[in-house]
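Here is run-v6.cif, consisting of mmCIF, C-alpha atoms:
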data_final
#
loop_
_atom_site.label_atom_id
_atom_site.label_comp_id
_atom_site.auth_asym_id
_atom_site.auth_seq_id
_atom_site.Cartn_x
_atom_site.Cartn_y
_atom_site.Cartn_z
CA MET A 15 0.00 0.00 0.00
CA LYS A 16 1.23 3.47 -0.89
CA ARG A 17 2.52 5.25 2.24
CA PHE A 18 3.41 8.69 0.91
CA THR A 19 1.64 11.22 -1.32
CA ILE A 20 3.13 13.55 -3.93
CA VAL A 21 3.49 16.19 -1.21
CA HIS A 22 6.03 14.22 0.85
CA PRO A 23 8.91 14.23 -1.69
CA PHE A 24 9.06 18.04 -1.48
CA TYR A 25 10.96 17.61 1.78
CA MET A 26 11.50 13.85 2.32
CA SER A 27 13.44 13.44 -0.93
CA PHE A 28 16.41 15.04 0.86
CA PHE A 29 16.86 12.23 3.36
CA SER A 30 14.22 9.47 3.45
CA LYS A 31 15.07 5.92 2.40
CA ALA A 32 11.50 4.94 3.23
CA LEU A 33 10.18 7.41 0.67
CA TYR A 34 12.40 6.03 -2.09
CA ARG A 35 11.37 2.48 -1.22
CA ASP A 36 7.72 3.46 -1.33
CA VAL A 37 8.16 5.24 -4.68
CA ALA A 38 9.79 2.17 -6.21
CA ARG A 39 7.46 -0.45 -4.73
CA ASN A 40 4.05 1.15 -4.32
CA TRP A 41 3.73 4.19 -6.59
CA LYS A 42 2.19 3.61 -10.00
CA GLY A 43 2.87 5.06 -13.42
CA LEU A 44 5.88 7.24 -14.19
CA CYS A 45 5.47 9.90 -11.50
CA PHE A 46 5.06 12.65 -14.09
CA LEU A 47 2.17 14.28 -12.19
CA TYR A 48 4.53 14.83 -9.27
CA LEU A 49 7.19 16.13 -11.69
CA LEU A 50 4.72 18.63 -13.12
CA SER A 51 3.75 19.76 -9.61
CA LEU A 52 7.40 20.15 -8.64
CA LEU A 53 8.22 22.17 -11.75
CA ALA A 54 5.11 24.31 -11.34
CA LEU A 55 6.58 25.44 -8.03
CA CYS A 56 10.23 25.69 -9.12
CA THR A 57 9.41 27.63 -12.29
CA ILE A 58 7.92 30.53 -10.31
CA PRO A 59 11.25 32.00 -9.04
CA THR A 60 12.77 31.69 -12.52
CA VAL A 61 9.87 33.52 -14.15
CA LEU A 62 9.89 36.22 -11.47
CA ARG A 63 13.62 36.77 -12.04
CA ILE A 64 13.05 37.08 -15.78
CA GLN A 65 10.21 39.52 -15.06
CA ALA A 66 12.48 41.61 -12.82
CA ASP A 67 15.23 41.71 -15.46
CA MET A 68 12.65 42.60 -18.09
CA ALA A 69 11.31 45.43 -15.93
CA ILE A 70 14.82 46.86 -15.51
CA PHE A 71 15.42 46.72 -19.25
CA LEU A 72 12.05 48.28 -20.12
CA ASN A 73 12.53 51.15 -17.71
CA THR A 74 16.10 51.93 -18.79
CA GLU A 75 17.31 50.93 -22.26
CA GLY A 76 13.77 50.33 -23.45
CA ARG A 77 12.53 53.82 -22.67
CA GLU A 78 15.73 55.39 -24.03
CA PHE A 79 15.08 53.54 -27.29
CA VAL A 80 11.39 54.43 -27.53
CA LYS A 81 11.90 58.14 -27.00
CA GLN A 82 13.92 58.20 -30.24
CA VAL A 83 11.35 56.30 -32.30
CA PRO A 84 9.59 58.42 -34.94
CA THR A 85 5.97 57.97 -35.92
CA ILE A 86 5.88 54.99 -38.28
CA ILE A 87 2.99 54.45 -40.67
CA ILE A 88 2.54 51.13 -42.46
CA SER A 89 0.01 51.20 -45.28
CA LYS A 90 -0.46 48.17 -47.54
CA GLY A 91 2.92 46.79 -46.48
CA LYS A 92 4.83 50.02 -47.16
CA ILE A 93 6.45 52.21 -44.52
CA SER A 94 6.72 55.96 -44.10
CA ILE A 95 7.99 58.04 -41.18
CA ASP A 96 7.77 61.67 -40.08
CA LYS A 97 11.53 62.28 -39.99
CA PRO A 98 14.31 62.92 -42.55
CA GLU A 99 15.97 59.72 -43.74
CA PRO A 100 18.00 57.70 -43.21
CA TYR A 101 16.94 57.97 -39.57
CA VAL A 102 19.17 56.39 -36.94
CA ILE A 103 18.24 55.35 -33.40
CA ASN A 104 21.37 55.25 -31.24
CA ASP A 105 22.43 53.63 -28.01
CA GLU A 106 22.71 56.67 -25.74
CA LYS A 107 25.50 55.09 -23.68
CA THR A 108 27.82 54.00 -26.49
CA GLU A 109 26.38 56.21 -29.25
CA ASP A 110 26.47 53.16 -31.53
CA PRO A 111 23.51 52.78 -33.92
CA LEU A 112 20.80 50.39 -32.75
CA MET A 113 18.34 50.72 -35.61
CA ILE A 114 18.30 52.38 -39.01
CA ILE A 115 15.11 53.42 -40.75
CA ASP A 116 15.46 54.11 -44.46
CA THR A 117 12.60 53.90 -46.92
CA THR A 118 14.47 55.64 -49.73
CA GLY A 119 16.44 52.55 -50.77
CA SER A 120 19.85 54.12 -50.16
CA ILE A 121 20.57 51.56 -47.39
CA ARG A 122 19.63 48.00 -48.27
CA SER A 123 21.52 45.90 -45.71
CA LEU A 124 23.26 45.98 -42.34
CA GLN A 125 26.64 45.25 -43.89
CA GLY A 126 29.26 47.65 -42.56
CA SER A 127 27.02 48.92 -39.77
CA LYS A 128 26.89 48.12 -36.05
CA ALA A 129 23.10 48.52 -36.06
CA LYS A 130 21.00 45.59 -34.88
CA ALA A 131 18.08 46.25 -37.23
CA LEU A 132 17.20 47.98 -40.50
CA LEU A 133 13.68 49.03 -41.40
CA THR A 134 13.25 49.57 -45.13
CA LYS A 135 10.26 50.50 -47.24
CA THR A 136 8.88 46.95 -47.22
CA GLU A 137 10.77 44.81 -44.70
CA LEU A 138 12.50 44.56 -41.36
CA ILE A 139 16.03 43.16 -41.33
CA VAL A 140 17.40 41.98 -37.98
CA ARG A 141 20.97 40.98 -37.20
CA LYS A 142 21.24 37.51 -35.64
CA GLU A 143 24.89 36.54 -35.12
CA GLY A 144 27.92 38.03 -36.77
CA MET A 145 26.93 38.87 -40.35
CA LYS A 146 23.84 36.64 -40.35
CA THR A 147 20.50 38.41 -40.64
CA ALA A 148 16.80 37.54 -40.68
CA THR A 149 14.36 39.35 -42.96
CA PHE A 150 10.69 39.89 -42.16
CA PRO A 151 8.49 41.16 -45.03
CA LEU A 152 5.77 43.64 -44.02
CA SER A 153 3.48 42.86 -46.95
CA GLY A 154 0.88 41.31 -44.65
CA ILE A 155 0.28 44.57 -42.75
CA ASP A 156 -2.42 46.71 -44.35
CA ASP A 157 -2.78 49.55 -41.88
CA LEU A 158 -0.75 50.23 -38.72
CA LEU A 159 0.36 53.33 -36.87
CA ILE A 160 3.31 53.02 -34.47
CA ASN A 161 4.18 55.95 -32.22
CA ARG A 162 5.78 56.51 -28.86
CA GLY A 163 2.49 56.45 -26.98
CA LEU A 164 1.65 53.02 -28.37
CA LEU A 165 5.10 51.69 -27.56
CA TYR A 166 5.00 53.05 -24.01
CA ASP A 167 1.60 51.43 -23.48
CA PHE A 168 2.99 48.14 -24.79
CA MET A 169 5.98 48.38 -22.44
CA ASP A 170 3.68 49.03 -19.49
CA PHE A 171 1.64 45.97 -20.49
CA LEU A 172 4.79 43.81 -20.60
CA ASP A 173 5.97 45.21 -17.29
CA GLU A 174 2.72 44.10 -15.67
CA TRP A 175 1.80 40.89 -17.48
CA PHE A 176 5.02 39.40 -18.89
CA ALA A 177 5.41 36.89 -16.04
CA VAL A 178 1.83 35.69 -16.44
CA MET A 179 2.27 35.22 -20.20
CA ILE A 180 5.63 33.48 -20.03
CA TYR A 181 4.89 31.15 -17.09
CA PRO A 182 2.90 28.49 -19.04
CA VAL A 183 5.51 28.44 -21.80
CA ALA A 184 8.39 28.20 -19.33
CA LEU A 185 6.60 25.41 -17.43
CA LEU A 186 5.94 23.42 -20.61
CA VAL A 187 9.53 23.73 -21.81
CA SER A 188 10.87 22.79 -18.38
CA PHE A 189 8.49 19.82 -18.16
CA LEU A 190 9.54 18.43 -21.55
CA TYR A 191 13.23 18.97 -20.78
CA HIS A 192 13.04 17.22 -17.42
CA ILE A 193 11.09 14.29 -18.88
CA ILE A 194 14.04 13.68 -21.20
CA GLU A 195 16.40 14.18 -18.27
CA VAL A 196 14.73 11.63 -15.99
CA LEU A 197 14.55 9.08 -18.80
CA ALA A 198 18.32 9.42 -19.19
CA TYR A 199 18.87 9.23 -15.43
CA ALA A 200 16.69 6.11 -15.25
CA ALA A 201 18.90 4.48 -17.89
CA LEU A 202 21.90 5.20 -15.66
CA GLY A 203 19.84 3.84 -12.78
CA LEU A 204 19.84 0.46 -14.51
CA LEU A 205 23.63 0.48 -14.16
CA PHE A 206 23.36 1.44 -10.49
CA ALA A 207 20.81 -1.35 -9.90
CA ARG A 208 23.04 -3.90 -11.59
CA THR A 209 26.06 -2.77 -9.57
CA LEU A 210 24.12 -2.93 -6.29
CA HIS A 211 22.34 -6.18 -7.27
CA VAL A 212 18.93 -4.57 -6.91
CA SER A 213 16.04 -5.76 -9.05
CA LEU A 214 14.18 -2.68 -10.28
CA SER A 215 12.08 -2.18 -13.38
CA TYR A 216 12.80 0.71 -15.73
CA ARG A 217 9.41 2.25 -14.80
CA ALA A 218 10.37 2.12 -11.12
CA LEU A 219 13.70 3.74 -11.94
CA ILE A 220 11.94 6.54 -13.81
CA ARG A 221 9.87 7.23 -10.68
CA LEU A 222 13.02 7.19 -8.56
CA ALA A 223 14.78 9.51 -11.01
CA VAL A 224 11.89 11.99 -10.83
CA VAL A 225 12.04 12.10 -7.05
CA SER A 226 15.86 12.14 -7.06
CA ILE A 227 16.05 15.42 -8.97
CA SER A 228 13.78 17.10 -6.40
CA PRO A 229 16.50 18.22 -3.94
CA THR A 230 18.63 20.01 -6.55
CA LEU A 231 15.59 21.61 -8.20
CA LEU A 232 14.30 22.88 -4.88
CA LEU A 233 17.73 24.09 -3.76
CA GLY A 234 18.25 25.82 -7.10
CA SER A 235 14.95 27.65 -6.69
CA LEU A 236 15.86 28.68 -3.16
CA LEU A 237 19.23 30.04 -4.31
CA LEU A 238 17.44 32.04 -6.99
CA ILE A 239 15.03 33.49 -4.42
CA VAL A 240 17.82 34.62 -2.07
CA ASN A 241 19.91 35.79 -5.03
CA ILE A 242 22.90 33.54 -4.39
CA VAL A 243 24.90 32.55 -7.47
CA ILE A 244 26.97 29.37 -7.25
CA PRO A 245 29.42 28.89 -10.14
CA SER A 246 28.74 25.81 -12.28
CA TRP A 247 25.52 25.07 -10.42
CA TRP A 248 24.31 22.99 -13.38
CA LEU A 249 27.26 20.65 -12.87
CA ILE A 250 26.66 20.44 -9.12
CA SER A 251 22.99 19.77 -9.85
CA PHE A 252 23.85 16.99 -12.29
CA TRP A 253 26.12 15.13 -9.91
CA GLY A 254 23.81 15.83 -6.98
CA SER A 255 20.86 14.31 -8.80
CA LEU A 256 22.92 11.27 -9.77
CA GLY A 257 24.04 10.93 -6.17
CA TYR A 258 20.44 10.97 -4.97
CA LEU A 259 19.49 8.41 -7.61
CA PHE A 260 22.25 6.13 -6.36
CA PHE A 261 20.96 6.70 -2.82
CA ALA A 262 17.42 5.84 -4.01
CA VAL A 263 18.52 2.61 -5.67
CA LYS A 264 20.62 1.61 -2.65
CA ALA A 265 17.63 2.31 -0.38
CA ASN A 266 15.89 -0.52 -2.20
CA SER A 267 18.64 -3.05 -1.50
CA GLY A 268 17.10 -6.23 -0.19
CA GLU A 269 13.70 -5.27 -1.57
CA GLN A 270 13.89 -7.97 -4.23
CA GLU A 271 10.15 -8.44 -4.35
CA ILE A 272 10.10 -5.41 -6.64
CA THR A 273 9.38 -7.07 -9.94
CA ARG A 274 10.19 -6.08 -13.48
CA THR A 275 6.52 -5.42 -14.14
CA VAL A 276 6.05 -2.66 -11.55
#
As C-alpha cells, what does this structure read like?
Amino acid sequence: MKRFTIVHPFYMSFFSKALYRDVARNWKGLCFLYLLSLLALCTIPTVLRIQADMAIFLNTEGREFVKQVPTIIISKGKISIDKPEPYVINDEKTEDPLMIIDTTGSIRSLQGSKAKALLTKTELIVRKEGMKTATFPLSGIDDLLINRGLLYDFMDFLDEWFAVMIYPVALLVSFLYHIIEVLAYAALGLLFARTLHVSLSYRALIRLAVVSISPTLLLGSLLLIVNIVIPSWWLISFWGSLGYLFFAVKANSGEQEITRTV
C-alpha cells in the first residue's frame, strides 16, 4: 500500500530511504504528475527573475530607445515616417547605432554597420549573429500606426503581465526537458541497480529519477530566491541528482520483491 503522497517528496526526498522504497514499490505510473507539480513550483522563481530583469530593461534601455522612435505608418505593407531619412536610433551610452530606418532605398543591408536592425520600405532586417540576418516582409500589414504612446503602453503591459504570459511556456519547456532528463537518469539507474544487485524495473527507476532530482531543483529555486549565485551550479545539480538516484537505488537493496513489471 502506498505510504506517501506527492506532497512528501518536497521535503523527504532530501533524506528518506523509506520514501524512495515506497516510490519504487508502491507508486504507480511514471510519477510525471509529481514532476509537473514540482516544476510548477520551481518555475515561479525563474519567471519572477526574468520579469524583474525585463522590468529593468524596459525602464532603462527600453525607454531610451522608444523616446527616439519616430511615428511609423505602415500602409499596404509600405512604410513611411515623419523624420528625414535615413533615420538612426542610437544607443545613448555608447552612441552606436541600434536601428536604421530608411525607406528611400539608399541603405539595403546591415553590412558595414553596427546597427541591430534595419527598417526599409517593405521589410524589417534583424541581425542575428555576426553577419547573419533575418528578414521579415511587411506585406501582410495593411494599416498600422506606431508611435511613442503606443510603444510606451505596450511596455507598461509587458511590465505588468510578462510573467503571467511566459509562465505556461516556461513550465511546458521545463516539463519536456526534465522528462528527457529523468529518462536518461533512469537508464543510468539500470547500471546502479546492476552494480548494487537490486532488481528494479525501468518504470520504477523513472519514478526514482523523478524524485531524485527534487532536492537540486528545490535548492536551485531557493538560491534564486535569495539571489545567491553558485558557479557551475548545473554541474553540481547533475552530480547531486545522480548521487540521490544512487541513494534511491541503494535504499531498495534487499527489496527484491520489486518485480520487473512494476
Of the listed residues A:Arg141, A:Ser235, A:Ile155, A:Asp173, that which approaches Ile70 in chain A most closely, counting all atoms listed in the file: A:Asp173
Step by step, gather every atom of range 27-46 of chain A that the file lists, find the box along x, y and z that holds them, add 5 Å on each side, and finally give centre and edge lengths in Å to one decimal, as AutoDock Vina command-line options.
--center_x 9.5 --center_y 7.3 --center_z -5.4 --size_x 24.7 --size_y 25.5 --size_z 27.6
Answer as a PyMOL selection string, residues within 9 Å of (17.1, 49.9, -38.3) using all atoms listed in the file: chain A and resi 101-103+111-116+124+129-134+138-140
Separation of CA of Ala265 in chain A from CA of Leu204 in chain A in Å: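 These atoms are spaced 14.4 Å apart.
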Sorted per-residue table, range 147-257 of chain A near range 77-84 of chain A, closest atoms and distance, 10 Å, all atoms listed in the file, as CSV:
residue,atom,partner,partner_atom,distance
A:Ile160,CA,A:Pro84,CA,8.3
A:Asn161,CA,A:Pro84,CA,6.5
A:Arg162,CA,A:Val80,CA,6.1
A:Gly163,CA,A:Val80,CA,9.1
A:Leu164,CA,A:Val80,CA,9.9
A:Leu165,CA,A:Val80,CA,6.9
A:Tyr166,CA,A:Val80,CA,7.4
A:Met169,CA,A:Arg77,CA,8.5
Write a file of the just-selected residues containing C-alpha atoms, as a compact mmCIF listing (two decimals), in the coordinates of the input.
# COMPACT_ATOMS: atom_id res chain seq x y z
CA ILE A 160 3.31 53.02 -34.47
CA ASN A 161 4.18 55.95 -32.22
CA ARG A 162 5.78 56.51 -28.86
CA GLY A 163 2.49 56.45 -26.98
CA LEU A 164 1.65 53.02 -28.37
CA LEU A 165 5.10 51.69 -27.56
CA TYR A 166 5.00 53.05 -24.01
CA MET A 169 5.98 48.38 -22.44
Residues selected by the PyMOL selection byres ((chain A and resi 24) around 12), written as a ChimeraX atom specification: /A:18-23,25-30,33,48-49,51-53,55-56,224-233
